[in-house]
>>> print(open('run00.tsv').read())   # TSV, N, CA and C atoms
chain	number	residue	atom	x	y	z
R	1	ALA	N	-0.21	-6.48	9.54
R	1	ALA	CA	-0.01	-7.55	8.56
R	1	ALA	C	1.45	-7.98	8.48
R	2	TYR	N	2.33	-7.27	9.15
R	2	TYR	CA	3.74	-7.66	9.13
R	2	TYR	C	4.01	-8.84	10.06
R	3	HIS	N	3.15	-9.06	11.04
R	3	HIS	CA	3.35	-10.12	12.02
R	3	HIS	C	2.25	-11.17	11.88
R	4	ALA	N	2.54	-12.37	12.33
R	4	ALA	CA	1.54	-13.44	12.31
R	4	ALA	C	0.33	-13.03	13.14
R	5	GLY	N	-0.83	-13.56	12.81
R	5	GLY	CA	-2.04	-13.25	13.56
R	5	GLY	C	-2.84	-12.11	12.98
R	6	PHE	N	-2.65	-11.81	11.71
R	6	PHE	CA	-3.37	-10.73	11.04
R	6	PHE	C	-4.87	-10.98	11.14
R	7	ASN	N	-5.61	-9.95	11.56
R	7	ASN	CA	-7.06	-10.05	11.72
R	7	ASN	C	-7.71	-9.10	10.72
R	8	SER	N	-8.33	-9.66	9.69
R	8	SER	CA	-8.92	-8.86	8.62
R	8	SER	C	-9.99	-7.89	9.11
R	9	SER	N	-10.86	-8.37	10.00
R	9	SER	CA	-11.94	-7.51	10.51
R	9	SER	C	-11.39	-6.35	11.33
R	10	LEU	N	-10.42	-6.64	12.18
R	10	LEU	CA	-9.80	-5.59	12.98
R	10	LEU	C	-9.11	-4.58	12.06
R	11	PHE	N	-8.41	-5.06	11.06
R	11	PHE	CA	-7.71	-4.18	10.12
R	11	PHE	C	-8.71	-3.26	9.40
R	12	TYR	N	-9.81	-3.82	8.91
R	12	TYR	CA	-10.84	-3.04	8.25
R	12	TYR	C	-11.37	-1.96	9.20
R	13	ASN	N	-11.65	-2.34	10.43
R	13	ASN	CA	-12.17	-1.38	11.42
R	13	ASN	C	-11.17	-0.29	11.73
R	14	GLN	N	-9.87	-0.63	11.75
R	14	GLN	CA	-8.84	0.38	12.00
R	14	GLN	C	-8.79	1.38	10.85
R	15	ILE	N	-8.93	0.90	9.62
R	15	ILE	CA	-8.97	1.81	8.47
R	15	ILE	C	-10.18	2.73	8.59
R	16	ASP	N	-11.32	2.15	8.92
R	16	ASP	CA	-12.55	2.94	9.03
R	16	ASP	C	-12.43	3.98	10.15
R	17	THR	N	-11.84	3.62	11.25
R	17	THR	CA	-11.64	4.57	12.35
R	17	THR	C	-10.74	5.72	11.90
R	18	LEU	N	-9.67	5.40	11.20
R	18	LEU	CA	-8.76	6.43	10.71
R	18	LEU	C	-9.48	7.38	9.75
R	19	VAL	N	-10.14	6.83	8.76
R	19	VAL	CA	-10.82	7.65	7.75
R	19	VAL	C	-11.94	8.47	8.38
R	20	THR	N	-12.71	7.86	9.26
R	20	THR	CA	-13.79	8.58	9.93
R	20	THR	C	-13.24	9.74	10.75
R	21	GLY	N	-12.12	9.51	11.43
R	21	GLY	CA	-11.50	10.57	12.23
R	21	GLY	C	-11.00	11.72	11.36
R	22	ILE	N	-10.41	11.39	10.23
R	22	ILE	CA	-9.93	12.44	9.31
R	22	ILE	C	-11.11	13.25	8.79
R	23	LYS	N	-12.16	12.55	8.37
R	23	LYS	CA	-13.33	13.26	7.83
R	23	LYS	C	-14.04	14.09	8.89
R	24	LYS	N	-14.01	13.62	10.13
R	24	LYS	CA	-14.63	14.40	11.21
R	24	LYS	C	-13.82	15.67	11.46
R	25	ALA	N	-12.52	15.54	11.46
R	25	ALA	CA	-11.65	16.70	11.71
R	25	ALA	C	-11.65	17.67	10.54
R	26	ASN	N	-11.75	17.15	9.33
R	26	ASN	CA	-11.75	18.00	8.14
R	26	ASN	C	-12.61	17.35	7.06
R	27	PRO	N	-13.89	17.68	7.04
R	27	PRO	CA	-14.82	17.05	6.09
R	27	PRO	C	-14.44	17.23	4.62
R	28	ASN	N	-13.65	18.25	4.31
R	28	ASN	CA	-13.28	18.51	2.92
R	28	ASN	C	-11.92	17.92	2.55
R	29	ALA	N	-11.31	17.19	3.46
R	29	ALA	CA	-9.99	16.63	3.19
R	29	ALA	C	-10.06	15.60	2.07
R	30	SER	N	-9.08	15.64	1.20
R	30	SER	CA	-8.93	14.59	0.18
R	30	SER	C	-8.08	13.48	0.79
R	31	ILE	N	-8.49	12.24	0.59
R	31	ILE	CA	-7.82	11.10	1.20
R	31	ILE	C	-7.37	10.14	0.11
R	32	ILE	N	-6.12	9.75	0.17
R	32	ILE	CA	-5.59	8.69	-0.69
R	32	ILE	C	-4.97	7.65	0.22
R	33	LEU	N	-5.43	6.42	0.11
R	33	LEU	CA	-4.81	5.32	0.86
R	33	LEU	C	-3.89	4.56	-0.07
R	34	THR	N	-2.82	4.05	0.47
R	34	THR	CA	-1.89	3.24	-0.30
R	34	THR	C	-1.80	1.85	0.32
R	35	THR	N	-1.62	0.86	-0.50
R	35	THR	CA	-1.46	-0.49	-0.01
R	35	THR	C	-0.01	-0.69	0.42
R	36	PRO	N	0.23	-1.65	1.30
R	36	PRO	CA	1.61	-1.91	1.71
R	36	PRO	C	2.35	-2.65	0.59
R	37	PRO	N	3.67	-2.60	0.64
R	37	PRO	CA	4.44	-3.39	-0.31
R	37	PRO	C	4.43	-4.86	0.08
R	38	ASP	N	4.81	-5.69	-0.85
R	38	ASP	CA	5.04	-7.10	-0.54
R	38	ASP	C	6.21	-7.19	0.44
R	39	SER	N	6.24	-8.24	1.25
R	39	SER	CA	7.35	-8.41	2.18
R	39	SER	C	7.44	-9.86	2.64
R	40	PHE	N	8.51	-10.14	3.32
R	40	PHE	CA	8.67	-11.41	4.02
R	40	PHE	C	8.35	-11.15	5.49
R	41	ARG	N	8.20	-12.20	6.29
R	41	ARG	CA	8.04	-12.06	7.73
R	41	ARG	C	8.84	-13.15	8.42
R	42	LYS	N	9.18	-12.89	9.66
R	42	LYS	CA	9.91	-13.88	10.46
R	42	LYS	C	8.99	-15.02	10.84
R	43	SER	N	9.52	-16.23	10.83
R	43	SER	CA	8.78	-17.39	11.31
R	43	SER	C	9.78	-18.34	11.97
R	44	LYS	N	9.28	-19.41	12.52
R	44	LYS	CA	10.17	-20.40	13.13
R	44	LYS	C	11.07	-21.04	12.07
R	45	LYS	N	10.66	-21.00	10.83
R	45	LYS	CA	11.43	-21.58	9.72
R	45	LYS	C	12.36	-20.56	9.08
R	46	GLY	N	12.44	-19.37	9.64
R	46	GLY	CA	13.21	-18.28	9.05
R	46	GLY	C	12.28	-17.27	8.41
R	47	ARG	N	12.76	-16.59	7.42
R	47	ARG	CA	11.93	-15.59	6.72
R	47	ARG	C	11.10	-16.29	5.65
R	48	ILE	N	9.81	-15.96	5.63
R	48	ILE	CA	8.89	-16.55	4.65
R	48	ILE	C	8.10	-15.44	3.97
R	49	LYS	N	7.55	-15.75	2.80
R	49	LYS	CA	6.69	-14.79	2.10
R	49	LYS	C	5.46	-14.49	2.96
R	50	ASN	N	5.07	-13.23	2.99
R	50	ASN	CA	3.98	-12.78	3.84
R	50	ASN	C	2.68	-12.68	3.05
R	51	LYS	N	1.84	-13.69	3.18
R	51	LYS	CA	0.56	-13.71	2.46
R	51	LYS	C	-0.41	-12.64	2.96
R	52	ASP	N	-0.21	-12.18	4.18
R	52	ASP	CA	-1.13	-11.18	4.74
R	52	ASP	C	-1.02	-9.82	4.07
R	53	MET	N	0.10	-9.54	3.42
R	53	MET	CA	0.20	-8.26	2.70
R	53	MET	C	-0.80	-8.21	1.55
R	54	LYS	N	-0.98	-9.34	0.89
R	54	LYS	CA	-1.99	-9.40	-0.18
R	54	LYS	C	-3.37	-9.16	0.41
R	55	ASN	N	-3.67	-9.81	1.54
R	55	ASN	CA	-4.98	-9.63	2.19
R	55	ASN	C	-5.18	-8.19	2.62
R	56	ALA	N	-4.15	-7.59	3.20
R	56	ALA	CA	-4.26	-6.19	3.63
R	56	ALA	C	-4.52	-5.29	2.43
R	57	SER	N	-3.83	-5.56	1.33
R	57	SER	CA	-4.02	-4.76	0.12
R	57	SER	C	-5.43	-4.88	-0.42
R	58	ILE	N	-5.94	-6.08	-0.44
R	58	ILE	CA	-7.32	-6.30	-0.92
R	58	ILE	C	-8.31	-5.54	-0.04
R	59	ILE	N	-8.11	-5.58	1.26
R	59	ILE	CA	-9.01	-4.89	2.19
R	59	ILE	C	-8.96	-3.38	1.95
R	60	ILE	N	-7.77	-2.83	1.78
R	60	ILE	CA	-7.64	-1.39	1.54
R	60	ILE	C	-8.33	-0.98	0.24
R	61	VAL	N	-8.09	-1.73	-0.82
R	61	VAL	CA	-8.71	-1.41	-2.11
R	61	VAL	C	-10.22	-1.53	-2.01
R	62	ASP	N	-10.71	-2.60	-1.40
R	62	ASP	CA	-12.16	-2.78	-1.24
R	62	ASP	C	-12.76	-1.65	-0.41
R	63	TYR	N	-12.10	-1.27	0.67
R	63	TYR	CA	-12.59	-0.17	1.50
R	63	TYR	C	-12.71	1.11	0.67
R	64	CYS	N	-11.68	1.39	-0.09
R	64	CYS	CA	-11.69	2.61	-0.91
R	64	CYS	C	-12.80	2.58	-1.95
R	65	LEU	N	-13.00	1.45	-2.58
R	65	LEU	CA	-14.07	1.34	-3.57
R	65	LEU	C	-15.45	1.51	-2.93
R	66	GLN	N	-15.62	0.93	-1.73
R	66	GLN	CA	-16.90	1.04	-1.02
R	66	GLN	C	-17.18	2.45	-0.52
R	67	HIS	N	-16.13	3.20	-0.23
R	67	HIS	CA	-16.28	4.53	0.37
R	67	HIS	C	-15.87	5.67	-0.56
R	68	ASN	N	-15.74	5.35	-1.83
R	68	ASN	CA	-15.41	6.35	-2.85
R	68	ASN	C	-14.14	7.15	-2.49
R	69	LEU	N	-13.10	6.42	-2.11
R	69	LEU	CA	-11.81	7.04	-1.79
R	69	LEU	C	-10.78	6.66	-2.85
R	70	SER	N	-9.82	7.52	-3.01
R	70	SER	CA	-8.72	7.23	-3.92
R	70	SER	C	-7.74	6.28	-3.25
R	71	PHE	N	-7.06	5.47	-4.07
R	71	PHE	CA	-6.03	4.58	-3.53
R	71	PHE	C	-4.93	4.41	-4.56
R	72	TRP	N	-3.77	4.03	-4.06
R	72	TRP	CA	-2.62	3.70	-4.89
R	72	TRP	C	-2.20	2.30	-4.50
R	73	ASN	N	-2.32	1.37	-5.42
R	73	ASN	CA	-2.08	-0.04	-5.12
R	73	ASN	C	-0.61	-0.40	-5.37
R	74	PHE	N	0.23	0.00	-4.43
R	74	PHE	CA	1.66	-0.26	-4.57
R	74	PHE	C	1.97	-1.74	-4.54
R	75	TYR	N	1.19	-2.52	-3.80
R	75	TYR	CA	1.40	-3.96	-3.74
R	75	TYR	C	1.40	-4.56	-5.15
R	76	GLU	N	0.40	-4.20	-5.93
R	76	GLU	CA	0.31	-4.72	-7.31
R	76	GLU	C	1.34	-4.07	-8.23
R	77	ILE	N	1.58	-2.80	-8.05
R	77	ILE	CA	2.55	-2.09	-8.90
R	77	ILE	C	3.93	-2.71	-8.77
R	78	MET	N	4.32	-3.08	-7.54
R	78	MET	CA	5.66	-3.64	-7.35
R	78	MET	C	5.76	-5.08	-7.80
R	79	GLY	N	4.62	-5.71	-8.10
R	79	GLY	CA	4.67	-7.07	-8.63
R	79	GLY	C	3.87	-8.10	-7.88
R	80	GLY	N	3.22	-7.73	-6.77
R	80	GLY	CA	2.38	-8.66	-6.04
R	80	GLY	C	3.15	-9.64	-5.18
R	81	PHE	N	2.52	-10.76	-4.87
R	81	PHE	CA	3.04	-11.75	-3.95
R	81	PHE	C	4.41	-12.27	-4.38
R	82	GLY	N	5.36	-12.17	-3.48
R	82	GLY	CA	6.71	-12.66	-3.74
R	82	GLY	C	7.62	-11.68	-4.44
R	83	SER	N	7.11	-10.52	-4.82
R	83	SER	CA	7.90	-9.57	-5.60
R	83	SER	C	9.04	-8.93	-4.82
R	84	ILE	N	8.95	-8.90	-3.49
R	84	ILE	CA	10.03	-8.29	-2.71
R	84	ILE	C	11.35	-9.03	-2.94
R	85	ALA	N	11.28	-10.32	-3.21
R	85	ALA	CA	12.51	-11.10	-3.49
R	85	ALA	C	13.16	-10.60	-4.78
R	86	LYS	N	12.35	-10.24	-5.75
R	86	LYS	CA	12.88	-9.69	-7.02
R	86	LYS	C	13.49	-8.32	-6.78
R	87	TRP	N	12.84	-7.51	-5.97
R	87	TRP	CA	13.38	-6.19	-5.64
R	87	TRP	C	14.72	-6.35	-4.90
R	88	TYR	N	14.78	-7.33	-4.00
R	88	TYR	CA	16.02	-7.57	-3.27
R	88	TYR	C	17.13	-8.02	-4.22
R	89	ALA	N	16.80	-8.88	-5.14
R	89	ALA	CA	17.79	-9.43	-6.08
R	89	ALA	C	18.47	-8.35	-6.92
R	90	VAL	N	17.77	-7.24	-7.15
R	90	VAL	CA	18.36	-6.16	-7.95
R	90	VAL	C	18.75	-4.95	-7.08
R	91	GLY	N	18.85	-5.17	-5.76
R	91	GLY	CA	19.36	-4.14	-4.87
R	91	GLY	C	18.37	-3.07	-4.46
R	92	LEU	N	17.07	-3.36	-4.60
R	92	LEU	CA	16.06	-2.36	-4.25
R	92	LEU	C	15.42	-2.61	-2.89
R	93	ALA	N	15.76	-3.72	-2.25
R	93	ALA	CA	15.23	-4.03	-0.92
R	93	ALA	C	16.38	-4.47	-0.02
R	94	SER	N	16.17	-4.32	1.28
R	94	SER	CA	17.19	-4.72	2.24
R	94	SER	C	17.14	-6.22	2.48
R	95	LYS	N	18.11	-6.72	3.21
R	95	LYS	CA	18.25	-8.15	3.45
R	95	LYS	C	17.04	-8.74	4.18
R	96	ASP	N	16.36	-7.93	5.01
R	96	ASP	CA	15.20	-8.45	5.74
R	96	ASP	C	13.98	-8.65	4.84
R	97	LYS	N	14.05	-8.15	3.63
R	97	LYS	CA	12.96	-8.24	2.65
R	97	LYS	C	11.64	-7.66	3.20
R	98	VAL	N	11.79	-6.65	4.03
R	98	VAL	CA	10.67	-5.86	4.54
R	98	VAL	C	10.86	-4.42	4.11
R	99	HIS	N	12.05	-3.91	4.32
R	99	HIS	CA	12.38	-2.53	3.99
R	99	HIS	C	13.07	-2.45	2.64
R	100	PHE	N	13.02	-1.27	2.05
R	100	PHE	CA	13.70	-1.04	0.78
R	100	PHE	C	15.09	-0.48	1.02
R	101	SER	N	15.89	-0.53	-0.02
R	101	SER	CA	17.16	0.19	-0.02
R	101	SER	C	16.84	1.65	-0.32
R	102	GLY	N	17.83	2.51	-0.20
R	102	GLY	CA	17.61	3.91	-0.54
R	102	GLY	C	17.08	4.06	-1.94
R	103	LYS	N	17.67	3.33	-2.88
R	103	LYS	CA	17.21	3.39	-4.27
R	103	LYS	C	15.77	2.87	-4.41
R	104	GLY	N	15.45	1.83	-3.66
R	104	GLY	CA	14.08	1.30	-3.68
R	104	GLY	C	13.06	2.30	-3.20
R	105	TYR	N	13.40	3.02	-2.11
R	105	TYR	CA	12.49	4.05	-1.61
R	105	TYR	C	12.35	5.20	-2.60
R	106	LEU	N	13.44	5.55	-3.28
R	106	LEU	CA	13.36	6.59	-4.30
R	106	LEU	C	12.42	6.17	-5.43
R	107	ILE	N	12.51	4.92	-5.84
R	107	ILE	CA	11.63	4.42	-6.90
R	107	ILE	C	10.18	4.43	-6.43
R	108	GLN	N	9.94	3.98	-5.20
R	108	GLN	CA	8.58	4.00	-4.66
R	108	GLN	C	8.02	5.42	-4.66
R	109	GLY	N	8.80	6.36	-4.18
R	109	GLY	CA	8.35	7.76	-4.14
R	109	GLY	C	8.11	8.32	-5.52
R	110	ASP	N	8.99	8.00	-6.45
R	110	ASP	CA	8.84	8.48	-7.83
R	110	ASP	C	7.58	7.90	-8.47
R	111	LEU	N	7.33	6.62	-8.26
R	111	LEU	CA	6.13	5.99	-8.81
R	111	LEU	C	4.86	6.63	-8.25
R	112	PHE	N	4.86	6.89	-6.93
R	112	PHE	CA	3.70	7.52	-6.32
R	112	PHE	C	3.50	8.93	-6.86
R	113	TYR	N	4.57	9.69	-6.94
R	113	TYR	CA	4.48	11.06	-7.45
R	113	TYR	C	3.92	11.07	-8.87
R	114	LYS	N	4.43	10.19	-9.72
R	114	LYS	CA	3.96	10.14	-11.12
R	114	LYS	C	2.48	9.76	-11.18
R	115	ALA	N	2.07	8.80	-10.36
R	115	ALA	CA	0.66	8.40	-10.34
R	115	ALA	C	-0.22	9.55	-9.86
R	116	LEU	N	0.22	10.24	-8.83
R	116	LEU	CA	-0.54	11.37	-8.29
R	116	LEU	C	-0.67	12.49	-9.32
R	117	MET	N	0.42	12.82	-9.97
R	117	MET	CA	0.40	13.88	-10.98
R	117	MET	C	-0.42	13.48	-12.20
R	118	ASN	N	-0.34	12.21	-12.58
R	118	ASN	CA	-1.14	11.72	-13.70
R	118	ASN	C	-2.63	11.83	-13.38
R	119	GLY	N	-3.00	11.44	-12.17
R	119	GLY	CA	-4.40	11.57	-11.74
R	119	GLY	C	-4.84	13.02	-11.69
R	120	TYR	N	-3.96	13.89	-11.23
R	120	TYR	CA	-4.29	15.32	-11.16
R	120	TYR	C	-4.48	15.90	-12.56
R	121	GLN	N	-3.63	15.51	-13.50
R	121	GLN	CA	-3.76	15.99	-14.89
R	121	GLN	C	-5.09	15.52	-15.49
R	122	LYS	N	-5.47	14.28	-15.22
R	122	LYS	CA	-6.76	13.78	-15.71
R	122	LYS	C	-7.91	14.57	-15.09
R	123	TYR	N	-7.79	14.88	-13.81
R	123	TYR	CA	-8.81	15.67	-13.14
R	123	TYR	C	-8.94	17.06	-13.78
R	124	LEU	N	-7.81	17.69	-14.07
R	124	LEU	CA	-7.86	19.02	-14.69
R	124	LEU	C	-8.54	18.99	-16.04
R	125	LYS	N	-8.33	17.93	-16.81
R	125	LYS	CA	-8.96	17.81	-18.14
R	125	LYS	C	-10.46	17.68	-18.02
R	126	THR	N	-10.94	16.97	-16.98
R	126	THR	CA	-12.38	16.81	-16.82
R	126	THR	C	-13.03	18.05	-16.21
R	127	LYS	N	-12.23	18.84	-15.52
R	127	LYS	CA	-12.75	20.05	-14.87
R	127	LYS	C	-13.02	21.15	-15.89
R	128	ASN	N	-12.24	21.19	-16.95
R	128	ASN	CA	-12.37	22.27	-17.96
R	128	ASN	C	-13.45	21.98	-18.95
>>> encode(input="run00.tsv", output="structure tokens")
Amino acid sequence: AYHAGFNSSLFYNQIDTLVTGIKKANPNASIILTTPPDSFRKSKKGRIKNKDMKNASIIIVDYCLQHNLSFWNFYEIMGGFGSIAKWYAVGLASKDKVHFSGKGYLIQGDLFYKALMNGYQKYLKTKN
């Protein structure tokens, strides 16, 4: 989804191949998929907002819902379409508006950790 020519069907099949392979290798494995962050992409006009990241995120979330898998929707958490420009404006993304700054990656990791631990705490409450 970072490059032009994103193919939704191929992407869905690649996710399914990955998940199927993991489950075949370890049927008891817990799987969490994460959506990609918003980003820009190179074009003949320069860097433009990447609409395919939204499509990729929707496909990942839909796949997880259809297959009863956990997911972390970072695309929406960071602000959705066009949000990478806001992250860049406050020093959380690099100039290419694809990668994060060190501080941006720390925030991403912290948000994921908190979401994971929050989900785990909810699980423990339902288990008892």
>>> atom_distance(input="run00.tsv", atom1="CA of Lys127 in chain R", atom2="CA of Asn28 in chain R")
17.9 Å
>>> atom_distance(input="run00.tsv", atom1="CA of Lys86 in chain R", atom2="CA of Gln108 in chain R")
14.5 Å
>>> residues_around(input="run00.tsv", residues="Met78 in chain R", least_positions_apart="4", cutoff="9 Å", atoms="only C-alpha atoms", output="MDAnalysis selection string")
chainID R and resid 37:38 73:74 83:84 87 108
>>> select_by_dssp(input="run00.tsv", residues="chain R", states="strand (DSSP E or B)", output="MDAnalysis selection string")
chainID R and resid 32:34 40:43 46:49 70:72 93 100
>>> closest_residue(input="run00.tsv", among="R:Leu124, R:Val98, R:Ala115, R:Leu92", to="Lys49 in chain R", atoms="only C-alpha atoms")
R:Val98
>>> residues_around(input="run00.tsv", residues="range 14-22 of chain R", least_positions_apart="4", cutoff="12 Å", atoms="only C-alpha atoms", output="ChimeraX atom specification")
/R:7-10,26-35,56-57,59-64,66-70
>>> write_last_selection(input="run00.tsv", atoms="N, CA and C atoms", output="PDB file, in the coordinates of the input")
ATOM      1  N   ASN R   7      -5.610  -9.950  11.560  1.00  0.00           N
ATOM      2  CA  ASN R   7      -7.060 -10.050  11.720  1.00  0.00           C
ATOM      3  C   ASN R   7      -7.710  -9.100  10.720  1.00  0.00           C
ATOM      4  N   SER R   8      -8.330  -9.660   9.690  1.00  0.00           N
ATOM      5  CA  SER R   8      -8.920  -8.860   8.620  1.00  0.00           C
ATOM      6  C   SER R   8      -9.990  -7.890   9.110  1.00  0.00           C
ATOM      7  N   SER R   9     -10.860  -8.370  10.000  1.00  0.00           N
ATOM      8  CA  SER R   9     -11.940  -7.510  10.510  1.00  0.00           C
ATOM      9  C   SER R   9     -11.390  -6.350  11.330  1.00  0.00           C
ATOM     10  N   LEU R  10     -10.420  -6.640  12.180  1.00  0.00           N
ATOM     11  CA  LEU R  10      -9.800  -5.590  12.980  1.00  0.00           C
ATOM     12  C   LEU R  10      -9.110  -4.580  12.060  1.00  0.00           C
ATOM     13  N   ASN R  26     -11.750  17.150   9.330  1.00  0.00           N
ATOM     14  CA  ASN R  26     -11.750  18.000   8.140  1.00  0.00           C
ATOM     15  C   ASN R  26     -12.610  17.350   7.060  1.00  0.00           C
ATOM     16  N   PRO R  27     -13.890  17.680   7.040  1.00  0.00           N
ATOM     17  CA  PRO R  27     -14.820  17.050   6.090  1.00  0.00           C
ATOM     18  C   PRO R  27     -14.440  17.230   4.620  1.00  0.00           C
ATOM     19  N   ASN R  28     -13.650  18.250   4.310  1.00  0.00           N
ATOM     20  CA  ASN R  28     -13.280  18.510   2.920  1.00  0.00           C
ATOM     21  C   ASN R  28     -11.920  17.920   2.550  1.00  0.00           C
ATOM     22  N   ALA R  29     -11.310  17.190   3.460  1.00  0.00           N
ATOM     23  CA  ALA R  29      -9.990  16.630   3.190  1.00  0.00           C
ATOM     24  C   ALA R  29     -10.060  15.600   2.070  1.00  0.00           C
ATOM     25  N   SER R  30      -9.080  15.640   1.200  1.00  0.00           N
ATOM     26  CA  SER R  30      -8.930  14.590   0.180  1.00  0.00           C
ATOM     27  C   SER R  30      -8.080  13.480   0.790  1.00  0.00           C
ATOM     28  N   ILE R  31      -8.490  12.240   0.590  1.00  0.00           N
ATOM     29  CA  ILE R  31      -7.820  11.100   1.200  1.00  0.00           C
ATOM     30  C   ILE R  31      -7.370  10.140   0.110  1.00  0.00           C
ATOM     31  N   ILE R  32      -6.120   9.750   0.170  1.00  0.00           N
ATOM     32  CA  ILE R  32      -5.590   8.690  -0.690  1.00  0.00           C
ATOM     33  C   ILE R  32      -4.970   7.650   0.220  1.00  0.00           C
ATOM     34  N   LEU R  33      -5.430   6.420   0.110  1.00  0.00           N
ATOM     35  CA  LEU R  33      -4.810   5.320   0.860  1.00  0.00           C
ATOM     36  C   LEU R  33      -3.890   4.560  -0.070  1.00  0.00           C
ATOM     37  N   THR R  34      -2.820   4.050   0.470  1.00  0.00           N
ATOM     38  CA  THR R  34      -1.890   3.240  -0.300  1.00  0.00           C
ATOM     39  C   THR R  34      -1.800   1.850   0.320  1.00  0.00           C
ATOM     40  N   THR R  35      -1.620   0.860  -0.500  1.00  0.00           N
ATOM     41  CA  THR R  35      -1.460  -0.490  -0.010  1.00  0.00           C
ATOM     42  C   THR R  35      -0.010  -0.690   0.420  1.00  0.00           C
ATOM     43  N   ALA R  56      -4.150  -7.590   3.200  1.00  0.00           N
ATOM     44  CA  ALA R  56      -4.260  -6.190   3.630  1.00  0.00           C
ATOM     45  C   ALA R  56      -4.520  -5.290   2.430  1.00  0.00           C
ATOM     46  N   SER R  57      -3.830  -5.560   1.330  1.00  0.00           N
ATOM     47  CA  SER R  57      -4.020  -4.760   0.120  1.00  0.00           C
ATOM     48  C   SER R  57      -5.430  -4.880  -0.420  1.00  0.00           C
ATOM     49  N   ILE R  59      -8.110  -5.580   1.260  1.00  0.00           N
ATOM     50  CA  ILE R  59      -9.010  -4.890   2.190  1.00  0.00           C
ATOM     51  C   ILE R  59      -8.960  -3.380   1.950  1.00  0.00           C
ATOM     52  N   ILE R  60      -7.770  -2.830   1.780  1.00  0.00           N
ATOM     53  CA  ILE R  60      -7.640  -1.390   1.540  1.00  0.00           C
ATOM     54  C   ILE R  60      -8.330  -0.980   0.240  1.00  0.00           C
ATOM     55  N   VAL R  61      -8.090  -1.730  -0.820  1.00  0.00           N
ATOM     56  CA  VAL R  61      -8.710  -1.410  -2.110  1.00  0.00           C
ATOM     57  C   VAL R  61     -10.220  -1.530  -2.010  1.00  0.00           C
ATOM     58  N   ASP R  62     -10.710  -2.600  -1.400  1.00  0.00           N
ATOM     59  CA  ASP R  62     -12.160  -2.780  -1.240  1.00  0.00           C
ATOM     60  C   ASP R  62     -12.760  -1.650  -0.410  1.00  0.00           C
ATOM     61  N   TYR R  63     -12.100  -1.270   0.670  1.00  0.00           N
ATOM     62  CA  TYR R  63     -12.590  -0.170   1.500  1.00  0.00           C
ATOM     63  C   TYR R  63     -12.710   1.110   0.670  1.00  0.00           C
ATOM     64  N   CYS R  64     -11.680   1.390  -0.090  1.00  0.00           N
ATOM     65  CA  CYS R  64     -11.690   2.610  -0.910  1.00  0.00           C
ATOM     66  C   CYS R  64     -12.800   2.580  -1.950  1.00  0.00           C
ATOM     67  N   GLN R  66     -15.620   0.930  -1.730  1.00  0.00           N
ATOM     68  CA  GLN R  66     -16.900   1.040  -1.020  1.00  0.00           C
ATOM     69  C   GLN R  66     -17.180   2.450  -0.520  1.00  0.00           C
ATOM     70  N   HIS R  67     -16.130   3.200  -0.230  1.00  0.00           N
ATOM     71  CA  HIS R  67     -16.280   4.530   0.370  1.00  0.00           C
ATOM     72  C   HIS R  67     -15.870   5.670  -0.560  1.00  0.00           C
ATOM     73  N   ASN R  68     -15.740   5.350  -1.830  1.00  0.00           N
ATOM     74  CA  ASN R  68     -15.410   6.350  -2.850  1.00  0.00           C
ATOM     75  C   ASN R  68     -14.140   7.150  -2.490  1.00  0.00           C
ATOM     76  N   LEU R  69     -13.100   6.420  -2.110  1.00  0.00           N
ATOM     77  CA  LEU R  69     -11.810   7.040  -1.790  1.00  0.00           C
ATOM     78  C   LEU R  69     -10.780   6.660  -2.850  1.00  0.00           C
ATOM     79  N   SER R  70      -9.820   7.520  -3.010  1.00  0.00           N
ATOM     80  CA  SER R  70      -8.720   7.230  -3.920  1.00  0.00           C
ATOM     81  C   SER R  70      -7.740   6.280  -3.250  1.00  0.00           C
TER      82      SER R  70
END
>>> axis_aligned_box(input="run00.tsv", around="range 38-46 of chain R", padding_each_side="8 Å", output="AutoDock Vina command-line options")
--center_x 9.0 --center_y -13.6 --center_z 6.1 --size_x 24.4 --size_y 31.9 --size_z 30.0
